[in-house]
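I have placed the structure first, in the form of structure tokens, so that the comments after it can refer back to it.
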Amino acid sequence: MKVSLNWIREYLDLPESLDLKTLSHDLTMRTVEVEGAINPADQLNSIVVGLINDIQPHPQADLLKVCLVDVGTDAPSTIVCGGSNIKVGMQVATALPGAMVRWHGEGDPVMIKSTKLRGVKSDGMICAASEIGLEELFPAKDDHEILDLSIFPASPGTPLAAVLELDDIVLEIDNKSLTNRPDLWCHYGLARELASIYAKELKPLPAFQPPENPARFPVTIDDPGRCRRYAALQYEGLSNGQSPHWLRVRLWKVGIRPISSLVDVTNYTMLAIGQPTHAFDKNTIRDEIIVRTARSGEQLTLLDDKKLQLCTDDLMICDRHQPIALAGVMGGKDDSILPETSSILLEIANFEPRGVRRSAARYQVRTESAIRNEKGLDTQRVDQAMAVADHLIHALYPDARMSAYTDEYPVKTRCPVIQVSLDWLSIRLGRAIGANQAREVLEPLGFAVEENGQNLMVRVPSWRATGDVSQKDDVLEEIARMIGYEHFDFIPPTVRLHKAVNQPGIQLERRVREYLAFSCGMREVYTYPWIHRQFLDAAGVQASACLELSSPPSPDTGTLRSSLVPAMLEVVEKNLRYFDDFRVFELAQVYSAKETRKTQGGEELPLQQRFLAGALVGRDARLLFRQAKGILESLPRAVMSQPLAFAQREQPAWADSKAWLNILCCDVVIGHLALLSSPSAKAADIKHAQAVLFELNMEALPPLASRTNSYQPLPLFPRVAQDFSVLLDEKVSWAEVQSALEKSVIDLTFVEEYRGKQIPEGKKSLTFTVTFGSDKGTLTSQEIEEKMGSINKKLQKLGGELRI
């Protein structure tokens, strides 16, 4: 959220010595996080008001003109311009050399320099609004229209920022820090906080005085639980034109596009005190306002031209015949402010927040009104909104009159009284606090405090009573933050360590991550738990096997993952835009729609399991498959888990028909390893690359106890390693060779099997390495020869013949 400091100053007098750094720190430490601050004037450095004194045709370009412009210097500047609306005597925005502009409002800013344009020297640039970032403040009729400043009383050479009153500090507030503070989604709420922080007086808002014995506009609320207050104010004698500059620039600085005077009134009121409002063209409303839920089959076209097929859960603002607005979210196109509007019905209402959020999420409509309404506003704020809006309307339209007024108020926000013990506060704060100090802190925030012996009776103000402050711990927080957390002494907690907690599953996951990242050169990725339908289909995962989200982030991401493969496909597709080959993995939860588990309370919840998935991407499919298999084969020893085996039992839907294996643990399939098939790659939009993927259920991979490792001492004397190459029958397996030799050697390592032209048919050449030695001393040549002879005899019993 953006906040104008000039606007804040209308509600309180900040300390004169206060600098931006101190203000940002104090506000962040006590109330909300200030992410940054900008001055809108900074973007207009070296841009001044210029007066066109003369215009001549360009000698070499029909569409260009050579202008003589007074920019406040001793001599006028010659500037070449192609604007369609320039004329002598026109005041224009002139960018002098050194200014930063965007050519035709596009691309990155470029610095203006004195240069020749078609042979004529130009000492600056006459700017369109879009070229200096003011297109929303001054919308142009066409792309070649120059910004006309003739209505502003300014001398040539005056900085443009000063003429447009842009010199201001705009704070960028982190929205997350405002989530539970609906009172801070406005300038007056933040002014209240700053007044408390700096012990300044908060100026009151104007009071609302409805006319005596006003006519009543018919309003009916069918469901008071969802619409707790609805005020309708009818005004006559209006006209819908452009707002005065001060109002337009005030909205523009905080990110709201000025539209027209009547619409700007509603946006100003919302930004001032946080209460959304909406104005209808009175002449389009049929007889009355009815607040009700939508009926089956009803439709509504919103202001942004989005057509809604309404749900019976949607709360609607209706006239006698049809819906005219989606309550708390956005108005309808046909009944809101029109260019010819001269009479309005101003809606200022309070809606139940959850219903507003459901409707906004259902139709993917995020508006400033919806954001505020779904936080939970107090009904008393409607009074402030009526006062601010009425005051502004009469300031803009002195002849306006309120011809009808209705305020339906079935439910009032209750202000709870919370009892807090002073002893309890002192213990929790770690310092003694008295009733007077607590009162000094709380009363500027709007709390009413009464002393009752050793207890405080704290009445919560309405703007904090919608769920923000409801118990004594909340009062404690208010006192602590306003004192300042940095002013409390740090008291370290007492920690007693009795014994280490062994969590083999957690340790296994950590070792898996370290093994894949450090030993295998893979990068860990994190993906969202909801899956895009495209990648779900590419992986062959049935949507019926997935859990459906009631409020999905987007229409195409409405299911939770039951496998990590679809997410891996999306990661591969996105990263192939930047890399030709890479390795990634993810260890995360998957969700089953078919299997459930019981909680300790007996509740049935969808089964959640931890899965591991990885992808190796490159050009050589054969090499990638072998590398992936090698990674998985070495994984159990590296992470101390049960060993893995491989077999072909159940082909995954996304796998190539030939290059796939199931991953087995204890003879149970716990995952898959496969080359991505061509149809799946095409469906996932993976092009010009091969991808090998693996996935396994981590909860089906039991970790081994750490004490299963055995100690092996280093040899005391040198050992001898000898390579053997022996000719054997095809039917003799490596296992038989191992069985024959393992008892007479220290180590036996397979090297390779060879079949070729030099090898007789029905035979194979087997190469392996043996290691032998003695713990009593270094082997002599004779002892080595005896060992070799013993090995040769055992190989001859298998029908083997040594090859030299």
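By order of appearance in the structure tokens: chains A, B, ..., then residues from 1 within every chain, and ligands from 1 in the order shown.
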
| Skipping near chain neighbours, those fewer than 5 positions away, what residues fall within 8 Å of Tyr188 (chain A) using only C-alpha atoms, listed as a list in words? |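 Near neighbours after the sequence-gap exclusion: Ile8, Tyr11, Ala272 and Ile273 of chain A.
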
| message | Based on the backbone DSSP call, show me all residues of region 346-541 of chain A assigned strand (DSSP E), as a ChimeraX atom specification. | response | /A:346-351,401-408,417-421,448-452,455-459,523-524,530-531

Those selected residues, please, written with N, CA, C and O atoms and delivered as a compact mmCIF listing (two decimals), in the first residue's frame.
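Written output follows (out.txt):
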# COMPACT_ATOMS: atom_id res chain seq x y z
N LEU A 346 -25.15 7.52 -3.39
CA LEU A 346 -23.87 7.14 -2.82
C LEU A 346 -24.09 6.03 -1.81
O LEU A 346 -24.81 6.20 -0.83
N GLU A 347 -23.45 4.87 -2.06
CA GLU A 347 -23.55 3.71 -1.17
C GLU A 347 -22.35 3.69 -0.24
O GLU A 347 -21.20 3.72 -0.68
N ILE A 348 -22.61 3.65 1.08
CA ILE A 348 -21.57 3.46 2.08
C ILE A 348 -22.08 2.35 2.99
O ILE A 348 -23.02 2.56 3.77
N ALA A 349 -21.49 1.17 2.88
CA ALA A 349 -22.07 -0.01 3.52
C ALA A 349 -21.00 -0.85 4.20
O ALA A 349 -19.80 -0.75 3.89
N ASN A 350 -21.45 -1.71 5.12
CA ASN A 350 -20.56 -2.62 5.83
C ASN A 350 -21.02 -4.05 5.54
O ASN A 350 -22.18 -4.40 5.76
N PHE A 351 -20.07 -4.87 5.03
CA PHE A 351 -20.40 -6.24 4.62
C PHE A 351 -19.58 -7.24 5.43
O PHE A 351 -18.45 -6.95 5.86
N ARG A 401 -27.03 19.31 -3.44
CA ARG A 401 -27.90 19.15 -2.27
C ARG A 401 -28.22 17.67 -2.08
O ARG A 401 -28.31 16.90 -3.05
N MET A 402 -28.37 17.29 -0.83
CA MET A 402 -28.74 15.92 -0.51
C MET A 402 -30.27 15.84 -0.51
O MET A 402 -30.94 16.42 0.35
N SER A 403 -30.81 15.12 -1.48
CA SER A 403 -32.26 15.07 -1.66
C SER A 403 -32.90 13.88 -0.95
O SER A 403 -34.13 13.86 -0.78
N ALA A 404 -32.13 12.89 -0.56
CA ALA A 404 -32.68 11.75 0.17
C ALA A 404 -31.55 11.10 0.98
O ALA A 404 -30.38 11.15 0.58
N TYR A 405 -31.94 10.50 2.11
CA TYR A 405 -30.93 9.91 3.00
C TYR A 405 -31.57 8.75 3.76
O TYR A 405 -32.64 8.88 4.34
N THR A 406 -30.89 7.60 3.73
CA THR A 406 -31.35 6.43 4.47
C THR A 406 -30.14 5.75 5.11
O THR A 406 -29.09 5.62 4.47
N ASP A 407 -30.29 5.33 6.35
CA ASP A 407 -29.21 4.61 7.03
C ASP A 407 -29.80 3.40 7.74
O ASP A 407 -30.31 3.49 8.85
N GLU A 408 -29.77 2.23 7.05
CA GLU A 408 -30.23 0.98 7.65
C GLU A 408 -29.07 0.39 8.46
O GLU A 408 -28.00 0.11 7.92
N VAL A 417 -14.91 -4.98 26.37
CA VAL A 417 -14.12 -4.47 27.49
C VAL A 417 -13.28 -5.63 28.02
O VAL A 417 -13.80 -6.69 28.36
N ILE A 418 -11.96 -5.43 28.08
CA ILE A 418 -11.03 -6.49 28.46
C ILE A 418 -10.41 -6.15 29.80
O ILE A 418 -9.86 -5.05 29.99
N GLN A 419 -10.46 -7.09 30.73
CA GLN A 419 -9.85 -6.90 32.05
C GLN A 419 -8.42 -7.43 32.02
O GLN A 419 -8.17 -8.57 31.63
N VAL A 420 -7.48 -6.58 32.44
CA VAL A 420 -6.07 -6.95 32.43
C VAL A 420 -5.47 -6.61 33.79
O VAL A 420 -5.61 -5.48 34.28
N SER A 421 -4.79 -7.57 34.36
CA SER A 421 -4.13 -7.36 35.66
C SER A 421 -2.80 -6.65 35.45
O SER A 421 -2.01 -7.02 34.57
N ALA A 448 -10.15 3.17 25.73
CA ALA A 448 -10.58 3.81 26.96
C ALA A 448 -10.14 2.93 28.13
O ALA A 448 -10.42 1.73 28.14
N VAL A 449 -9.45 3.53 29.11
CA VAL A 449 -8.86 2.75 30.20
C VAL A 449 -9.40 3.24 31.53
O VAL A 449 -9.34 4.44 31.84
N GLU A 450 -9.92 2.31 32.31
CA GLU A 450 -10.37 2.61 33.67
C GLU A 450 -9.64 1.71 34.65
O GLU A 450 -9.41 0.53 34.36
N GLU A 451 -9.28 2.28 35.81
CA GLU A 451 -8.54 1.52 36.81
C GLU A 451 -9.52 0.91 37.81
O GLU A 451 -10.42 1.58 38.33
N ASN A 452 -9.37 -0.38 38.08
CA ASN A 452 -10.22 -1.10 39.03
C ASN A 452 -9.32 -1.90 39.96
O ASN A 452 -9.06 -3.09 39.75
N ASN A 455 -6.42 -4.02 38.56
CA ASN A 455 -6.82 -4.40 37.20
C ASN A 455 -7.13 -3.16 36.37
O ASN A 455 -7.54 -2.12 36.89
N LEU A 456 -6.95 -3.31 35.07
CA LEU A 456 -7.35 -2.28 34.11
C LEU A 456 -8.53 -2.80 33.32
O LEU A 456 -8.54 -3.95 32.87
N MET A 457 -9.54 -1.95 33.15
CA MET A 457 -10.67 -2.28 32.30
C MET A 457 -10.49 -1.50 31.00
O MET A 457 -10.62 -0.27 30.98
N VAL A 458 -10.14 -2.22 29.93
CA VAL A 458 -9.76 -1.59 28.66
C VAL A 458 -10.90 -1.78 27.65
O VAL A 458 -11.22 -2.92 27.28
N ARG A 459 -11.49 -0.65 27.23
CA ARG A 459 -12.54 -0.70 26.20
C ARG A 459 -11.87 -0.53 24.83
O ARG A 459 -11.18 0.46 24.59
N ARG A 523 20.50 -29.25 -8.21
CA ARG A 523 19.98 -28.06 -7.53
C ARG A 523 18.59 -28.34 -6.99
O ARG A 523 17.74 -28.85 -7.71
N GLU A 524 18.38 -27.98 -5.73
CA GLU A 524 17.06 -28.19 -5.13
C GLU A 524 16.10 -27.09 -5.57
O GLU A 524 16.47 -25.91 -5.60
N TRP A 530 -0.07 -26.65 -5.79
CA TRP A 530 -1.12 -26.77 -6.82
C TRP A 530 -0.46 -26.88 -8.20
O TRP A 530 0.57 -26.31 -8.47
N ILE A 531 -1.11 -27.65 -9.06
CA ILE A 531 -0.51 -28.03 -10.33
C ILE A 531 -1.30 -27.47 -11.50
O ILE A 531 -2.54 -27.51 -11.50

| Which neighbours of Arg719 (chain A) fall inside 10 Å, counting only C-alpha atoms, when residues of the same chain fewer than 3 positions from it are skipped, and could you give them as a list in words? |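 Near Arg719 (chain A), the qualifying residues are Pro715, Leu716, Ile746, Thr771, Phe772, Gly773, Ser774, Asp775, Gly777, Thr778 and Leu779 of chain A.
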
| field | Leu315 (chain A) surroundings by only C-alpha atoms, 7 Å radius, close-in-sequence under 5 positions cut, as a list in words | value |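 Once the nearby chain positions are removed, what remains is Arg292, Thr293, Ala294, Leu326 and Ala327 of chain A.
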
Please produce an output containing N, CA, C and O atoms for each residue in the selection, written as an mmCIF file, in the first residue's frame.
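File written: selection_32.cif
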data_model
loop_
_atom_site.group_PDB
_atom_site.id
_atom_site.type_symbol
_atom_site.label_atom_id
_atom_site.label_comp_id
_atom_site.auth_asym_id
_atom_site.auth_seq_id
_atom_site.Cartn_x
_atom_site.Cartn_y
_atom_site.Cartn_z
ATOM 1 N N ARG A 292 -29.455 -8.493 -1.231
ATOM 2 C CA ARG A 292 -29.876 -9.898 -1.163
ATOM 3 C C ARG A 292 -28.836 -10.762 -1.859
ATOM 4 O O ARG A 292 -27.937 -10.268 -2.545
ATOM 5 N N THR A 293 -28.999 -12.078 -1.712
ATOM 6 C CA THR A 293 -28.128 -13.003 -2.443
ATOM 7 C C THR A 293 -28.655 -13.182 -3.859
ATOM 8 O O THR A 293 -29.837 -12.965 -4.136
ATOM 9 N N ALA A 294 -27.749 -13.579 -4.747
ATOM 10 C CA ALA A 294 -28.120 -13.739 -6.154
ATOM 11 C C ALA A 294 -29.076 -14.911 -6.325
ATOM 12 O O ALA A 294 -29.039 -15.891 -5.562
ATOM 13 N N LEU A 326 -21.797 -6.209 -7.317
ATOM 14 C CA LEU A 326 -21.343 -7.335 -6.512
ATOM 15 C C LEU A 326 -20.887 -6.747 -5.176
ATOM 16 O O LEU A 326 -19.869 -6.047 -5.098
ATOM 17 N N ALA A 327 -21.649 -7.014 -4.125
ATOM 18 C CA ALA A 327 -21.496 -6.309 -2.853
ATOM 19 C C ALA A 327 -20.065 -6.362 -2.323
ATOM 20 O O ALA A 327 -19.481 -7.439 -2.188
#

Per residue of region 147-193 of chain A within 12 Å of region 226-248 of chain A, what are the shortest atom pair and its distance in Å to one decimal, counting only C-alpha atoms, with rows by chain and residue number, as JSON lines?
{"residue": "A:Leu149", "atom": "CA", "partner": "A:His245", "partner_atom": "CA", "distance": 11.7}
{"residue": "A:Ile151", "atom": "CA", "partner": "A:His245", "partner_atom": "CA", "distance": 10.3}
{"residue": "A:Phe152", "atom": "CA", "partner": "A:His245", "partner_atom": "CA", "distance": 9.7}
{"residue": "A:Val163", "atom": "CA", "partner": "A:His245", "partner_atom": "CA", "distance": 10.7}
{"residue": "A:Leu164", "atom": "CA", "partner": "A:His245", "partner_atom": "CA", "distance": 8.0}
{"residue": "A:Glu165", "atom": "CA", "partner": "A:Trp246", "partner_atom": "CA", "distance": 7.9}
{"residue": "A:Leu166", "atom": "CA", "partner": "A:Trp246", "partner_atom": "CA", "distance": 9.9}

| field | Residue with smallest distance to Asp313 (chain A) - pool A:Ser359, A:Gln542, A:Ser725, A:Gln648, counting only C-alpha atoms | value | A:Ser359

| said: Could you check the closest approach to Ile290 (chain A) for each of A:Lys253, A:His321, A:Lys787, A:Lys65 and tell me which residue wins, using only C-alpha atoms? | reply: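 Checking each candidate against Ile290 (chain A), we get A:His321 as the closest.
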
| said: Which residue is closest to Tyr485 (chain A)? Choose from A:Ser551, A:Lys658, A:Ser462, A:Leu429 and count only C-alpha atoms. | reply: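 Closest to Tyr485 (chain A) of all the choices is A:Leu429.
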
| request: Find, counting only C-alpha atoms, the residue in A:Trp463, A:Trp252, A:Tyr526, A:Phe579 that gets nearest to His688 (chain A). | output: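 Distance minimum relative to His688 (chain A) lands on A:Phe579.
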
| task | Taking the chain letters and numbering used in this document, name the residues of region 116-294 of chain A that DSSP puts in helix (DSSP H, G or I), as a count of residues only. | result | 51

| note | The residue from A:Leu171, A:Leu676, A:Ala75, A:Leu714 with the smallest atom-to-atom distance to Ala653 (chain A), counting only C-alpha atoms, is A:Leu676

| task | Would you kindly return, as a list in words, each protein, DNA or RNA residue with an atom no farther than 7 Å from any atom of region 218-224 of chain A, considering only C-alpha atoms and excluding same-chain residues fewer than 6 positions away? | result |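 The neighbour list is Glu288, Ile289, Ile290, Val291, Arg292, Pro410 and Val411 of chain A.
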
| Surrounding residues of region 494-506 of chain A excluding itself and chain neighbours under 3 positions, 9 Å, only C-alpha atoms, as a ChimeraX atom specification | /A:509-511,698-699,702-706

| field | Who sits within 12 Å of Ala41 (chain A), only C-alpha atoms, same chain under 3 positions skipped, as an MDAnalysis selection string | value | chainID A and resid 38 44:48 132:134 159:170 249 253

| request: Could you jot down the CA of Gly671 (chain A) to CA of Lys629 (chain A) separation for me, Å, one decimal place? | output: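 Spanning CA of Gly671 (chain A) to CA of Lys629 (chain A) is a straight-line distance of 12.4 Å.
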